[in-house]
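For reference, the structure is listed below as structure tokens.
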Amino acid sequence: MAHYETENMSDFETVIGLEVHLQLNTKTKIFCSCANQYGCAPNTNVCPVCLGLPGTLPVLNQQALLYGIKAGLALNAEISPFIKFDRKNYYYPDLPKGYQISQYDFPVAKKGYLNIKSGGLEKRIGITRAHLEEDAGKLVHDNSGSFSLADFNRTGTPLIEIVTEPDLRSPQEAYDYLNTLKLTLQYLGISDCDMEKGSLRCDANVSIRPRGQTSLGTKTELKNMNSFRAVKMALEYEVRRHEQVILAGEKIVQETLLWDDEKAQTRTMRSKEQAHDYRYFPDPDLVPFTIDYKTIDGVRAELPELPQAKFARFMSQYGLSEYDANILVSDSGMADFFEASLKEYPQAKKIANWLSGPVLMELNNRKTAIGGLKITPAGLVELIAKVEEGVISNLAGKEVLTFMLDEGKSAEEIIKEKSLAQVSDDSALLVIIDEVIVQNPAVVEQIKSGKPNGIGFLVGQAMKRSGGRANPKKLNELITRRITGA
Amino acid sequence: MSLHQLTAHDLLDVFKSRQATPKEAYDAVLERIKAVDPKVKAYVRLAQHKPEFKGEFQIPIAIKDILCIKGEETTCASRILKGFISPYDSGVTQRVKKSGGTILGIVNMDEFAFGSSCETSCYGPTYNPWDLKCVPGGSSGGSAASVAADEAMWALGSDTGGSIRQPASFCGIVGLKPTYGRVSRYGLIAFASSLDQIGPLTKDVRDCALLMNIISGYDDRDSTSVNEPVPDYTKALVNDVRGLKIGIPKEAFVDGLDAQVRRSVEEALDLLKKLGAIVKEVSLPHTPYAVATYYIVATAEASSNLARFDGVRYGLRALPSRIRKNALVDMYEETRSKGFGDEAKRRIMLGTYALSSGYYDAYYLRGQKVRTLIKNDLDEVFKDCDVIMTPTSPTVAFKVGEKISDPISMYLSDIYTIPANLAGIPAISIPCGFSKSGLPIGLQLMGKAFDEEMLLRVSYTYEQNTQWHTMKPKI
């Protein structure tokens, strides 16, 4: 029986589509002039408009529209020249107007795509649409279950919802798509893309079908995943569940499911029959308008170089390895830092090594992005130069970096204060070398008999004695000369 | 004449000549309210905040219970909004206050402006000052009755399908629905957002022009407000209609039109002809569909606009005695069942149906298309006419209780006024006679978008050559 199942499971193809909601980091909310801010005391960042008080009216924040266009262009989508908003009607206590202002039949962008890399292969994921809408408030539930509180600070935060075609074929691909999408949008600077703060949220639609079948299987919708990892896990769980149901000869029920991260399983939220009729209709409070091509071209001209283009350029222009290019590009701040450093010191590979090595390690230790470090490109370059000139050893260089970041001082200052400068002075080094030679007669004999491998060992011993401060090149030279007389 | 009986422009002259102060005028009108409002019941409450008595136009004014006034309770004559104190001022009340306007109080209306008689108010009906057994019209019935009964110099109302003009006609005063976008809707509790407009109800045409000067203009808080320069409307008050073309739609004079109303409007037309206007018969072939179209579009928008009254944040919250479904749904259902009156529930259900999946195309979308056809009809006529004239309402004021259980016949009392809302054009109602029973009759003039001046000019000329506007009811 088990054998039968495994064989058949591979005959299924997984089909996934994702809906990603992103909060746009405009200065103000989408339809009122409240600050677009996270983390205020409950119900302090509100006004009559976002509270949906009787008689209030929405006015579109132009910045939100421009950000929407920007996202659309980055996703290679068609920008709608006709901008219109619709009302999505449903009741929930976090939705003060009883409807959400959204875009129904004229999304700001449609028919786009995003290229991703998954399992070493390039793949094009179709973007069905991207539309602008307002975020709802937040409910806080009392532990006793006797009441809930509503916080409307988030109400009216601009959102863009990006919907893919059912083009993703595995939970891993969905995961890779999300990372690429996040990186792309971070490059645009239009969203923090922080899932923990809720500025990026993802729902997934998943179905399976026998391989070769063109029509789609019955799908289920997954909600409540709070990390990309959770999206992947929820999808893996759900794909397995679909397979089991179908192999048992039963049918998948179209429904919306909630992912329970602790139990690592999904549970029913509502069935298809309970699905809302949102009664979309054009919002009469917001007059539709057209945007001219100049506006769209203006936004296009402001688009930054996107991660995939930057990745290719870093490899071809600077001769970087795929590994280094990938690390540098995975954060636009890092990439910018790299290129700024290059202007001061045109040694691409050396800078890349420093950034993808010691600097990245510091970032991970300190849980920050490069913008949060107390170092400038010029500062880093100064440090690299000290190492290259032999003022300090490579090892000491890493130590200096840590001090620089802790204390916000220059490499030169740190080296002076901590006496980390390399000892290159012959007489000082010879004292150490003579001690090492006396203590390791067997190794010295070997070297003398024509086996130079031992030199490395002696250099290591001498380095230890110097507290890591000896210049290794110089040590090598002196030891060789001392033993072989060469 | 006592102070309360004056028009606003006469009162301004009184202030100028120092015969009375704005405070004296305000108190005089409050006295009048005390004296007659127990019979008329135009007011639902007096203003909690007394005016500052500063500014150029310190005219005592009544405000319909649909406009938010900072610090005042605003309820739309609905139980569901009882206790809602607005923390902000609407665009128009801000302008009124800035001009010096002295707000007397808040006047009655049909609940959420759903009605043509003022009978659907949760406070009970307002009565027509000309015959206390009759309705004042609606939904701005309190606004019209207060002005007709000299309980306010002038008033603000709102008009979605005739809610300013029909009560103005029933109460023998002037009522103007401006072009859509002329006056900010910010702070007007929405009935049907694409149709609603705020406008003046006044004792004569000059006052209408003056109040339009105060309330008109662009407001960046209302995306549907139009940034067109506002003229001085009093400059349009010219006693001359020579050469102006008045279109008379042949569809207007049909069955259901009261014979006395018809005669008065025809006499008015004869007078204007005598004064030099050119009368032309025109056709508006799609107007027979106007009422049906209106009740689809307006109820659809209303069903969504009224969704916010859910008991969560303000106004009424009601809970059933025992759990039915779950606490939240029970609260929604109980609040809205108790909070809304029958007509509000009827319109919410109609509108919800019209927007439902599977019916949207047949109702809402089709309704919007017919709306365009009706607008095209009017555009066509305005190519060759300066104004279009019709009765304001097919009948004079009816008895309280006469139509309240017959919604269709109530809906038809807006048959002449609805097209102007569907097309977004301005329209005015002015008094043009009385029925044998002594009830006022009104005529309606419709104009081109943003050509309120033409309406004021023709109305003013007619008024200068008649006495109807000087008649006062005996209460």
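Identifiers in the structure tokens: chain A, B, ... in order shown; residue index from 1 per chain; ligand index from 1 in order shown.
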Using only C-alpha atoms, tabulate the residues of chain A lying at most 7 Å from any atom of chain B, each with its closest atom pair and that distance in Å to one decimal, by chain and increasing residue number, as CSV.
```
residue,atom,partner,partner_atom,distance
A:Pro54,CA,B:Ile189,CA,5.3
A:Gly55,CA,B:Ile189,CA,3.9
A:Thr56,CA,B:Gly187,CA,5.5
A:Leu57,CA,B:Asp222,CA,6.0
A:Val59,CA,B:Ser223,CA,5.8
A:Asn89,CA,B:Ser304,CA,6.8
A:Pro93,CA,B:Val312,CA,6.4
A:Pro96,CA,B:Arg308,CA,6.0
A:Lys97,CA,B:Arg308,CA,4.4
A:Gly98,CA,B:Ala307,CA,4.8
A:Asp277,CA,B:Ser357,CA,6.5
A:Arg279,CA,B:Leu355,CA,5.2
A:Pro284,CA,B:Ser194,CA,5.4
A:Asp285,CA,B:Ser193,CA,6.3
A:Leu286,CA,B:Ser223,CA,5.8
A:Val287,CA,B:Thr224,CA,6.2
```
Checklist line | Contacts of Arg95 (chain B) at 7 Å (only C-alpha atoms; same-chain gap of 4+ positions) as a PyMOL selection string | finding: chain B and resi 91+99+214-215
Margin query: Restricting the calculation to only C-alpha atoms: of B:Asp10, B:Val370, B:Arg165, B:Met212, which residue gets closest to Val291 (chain B)?
Written below: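 Result for the nearest residue to Val291 (chain B): B:Val370.
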Margin query: Given only C-alpha atoms as the basis, pick out the residue of B:Leu104, B:Pro431, B:Phe450, B:Ser337 nearest to Pro229 (chain B).
Written below: B:Phe450
Item checked: Shell around Leu210 (chain B) at 12 Å using only C-alpha atoms, local window under 6 positions removed, as a ChimeraX atom specification -> /B:7-10,12,56-57,59,96,99,101,153-154,176,199-204,216,231-237,453,456
Margin query: Residues near Thr179 (chain B), anyone? I mean within 7 Å using only C-alpha atoms, not counting same-chain ones fewer than 4 positions away, as a PyMOL selection string.
Written below: chain B and resi 424-426+449-450
Write a file of the selected residues as a compact mmCIF listing (two decimals), in the first residue's frame, keeping N, CA and C atoms.
```txt
# COMPACT_ATOMS: atom_id res chain seq x y z
N GLY B 424 -26.46 65.63 -12.57
CA GLY B 424 -25.53 66.49 -11.84
C GLY B 424 -25.72 67.97 -12.08
N ILE B 425 -26.83 68.36 -12.74
CA ILE B 425 -27.02 69.77 -13.10
C ILE B 425 -27.77 70.52 -11.98
N PRO B 426 -27.68 71.86 -11.98
CA PRO B 426 -28.37 72.62 -10.94
C PRO B 426 -29.86 72.77 -11.25
N ALA B 449 -24.74 72.69 -16.22
CA ALA B 449 -23.79 72.52 -15.11
C ALA B 449 -23.05 73.83 -14.87
N PHE B 450 -22.94 74.23 -13.63
CA PHE B 450 -22.25 75.45 -13.19
C PHE B 450 -22.87 76.73 -13.74
```
Item checked: Non-local contacts of region 130-139 of chain B (7 Å; only C-alpha atoms; under 2 positions in same chain excluded) as an MDAnalysis selection string -> chainID B and resid 40 109:110 113:118 126:128 141 145 163 166:167 170:171 397:400 439 473:474
Item checked: Spatial neighbours of Gly247 (chain B), 7 Å, only C-alpha atoms, chain gap at least 3 places, as a PyMOL selection string -> chain B and resi 279-282+385+387-389
Margin query: Report as a VMD selection string all protein, DNA and RNA residues lying within 10 Å of Ala252 (chain B), evaluated on only C-alpha atoms, omitting residues in the same chain fewer than 3 positions from it.
Written below: chain B and resid 248 to 249 255 257 262 283 to 284 287 to 288 389 to 391 394 415 to 416
Keeping only C-alpha atoms, take the residues you just selected and write them out as an mmCIF file, in the first residue's frame.
```
data_model
loop_
_atom_site.group_PDB
_atom_site.id
_atom_site.type_symbol
_atom_site.label_atom_id
_atom_site.label_comp_id
_atom_site.auth_asym_id
_atom_site.auth_seq_id
_atom_site.Cartn_x
_atom_site.Cartn_y
_atom_site.Cartn_z
ATOM 1 C CA ILE B 248 -40.735 72.715 -21.768
ATOM 2 C CA PRO B 249 -40.404 68.918 -21.864
ATOM 3 C CA ASP B 255 -50.980 61.746 -16.082
ATOM 4 C CA LEU B 257 -49.920 65.834 -12.628
ATOM 5 C CA ARG B 262 -50.390 72.292 -14.043
ATOM 6 C CA SER B 283 -38.288 66.191 -25.407
ATOM 7 C CA LEU B 284 -36.490 64.210 -22.749
ATOM 8 C CA THR B 287 -37.066 60.662 -18.287
ATOM 9 C CA PRO B 288 -39.814 58.043 -17.804
ATOM 10 C CA MET B 389 -39.000 74.360 -16.772
ATOM 11 C CA THR B 390 -41.279 71.772 -15.109
ATOM 12 C CA PRO B 391 -43.445 71.575 -12.015
ATOM 13 C CA PRO B 394 -46.792 66.606 -9.386
ATOM 14 C CA ILE B 415 -40.518 62.393 -10.649
ATOM 15 C CA TYR B 416 -39.588 65.928 -11.796
#
```
Margin query: Could you check the closest approach to Met471 (chain B) for each of B:Ala148, B:Ala47, B:Val183, B:Leu275 and tell me which residue wins, using only C-alpha atoms?
Written below: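 Of B:Ala148, B:Ala47, B:Val183, B:Leu275, the one nearest Met471 (chain B) is B:Ala148, counting only C-alpha atoms.
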Check: Which value, in Å to one decimal, gives the distance between CA of Arg300 (chain A) and CA of Gly126 (chain A)?
Finding: 20.2 Å
Next item on the list: Kindly indicate which residue among A:Gly390, A:Gly372, A:Pro107, A:Pro377 lies nearest to Ser410 (chain A), using only C-alpha atoms for the distances.
Entry: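 Answer, going by the shortest atom-to-atom distance: A:Pro377.
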Check: CA of Phe311 (chain A) and CA of Ile327 (chain A), how far apart in Å?
Finding: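 Answer for the CA of Ile327 (chain A) to CA of Phe311 (chain A) separation: 9.4 Å.
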Notebook entry, point to check: Please, which residues of region 81-326 of chain B, numbered as in this document, come out helix (DSSP H, G or I) from DSSP, as a ChimeraX atom specification?
Noted result: /B:81,91-99,111-113,141-148,165-171,205-215,233-236,250-252,259-274,287-308
Margin query: What does the structure give for the distance between CA of Asp27 (chain B) and CA of Gln467 (chain B), in Å to one decimal?
Written below: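 Between CA of Asp27 (chain B) and CA of Gln467 (chain B) the gap works out to 28.5 Å.
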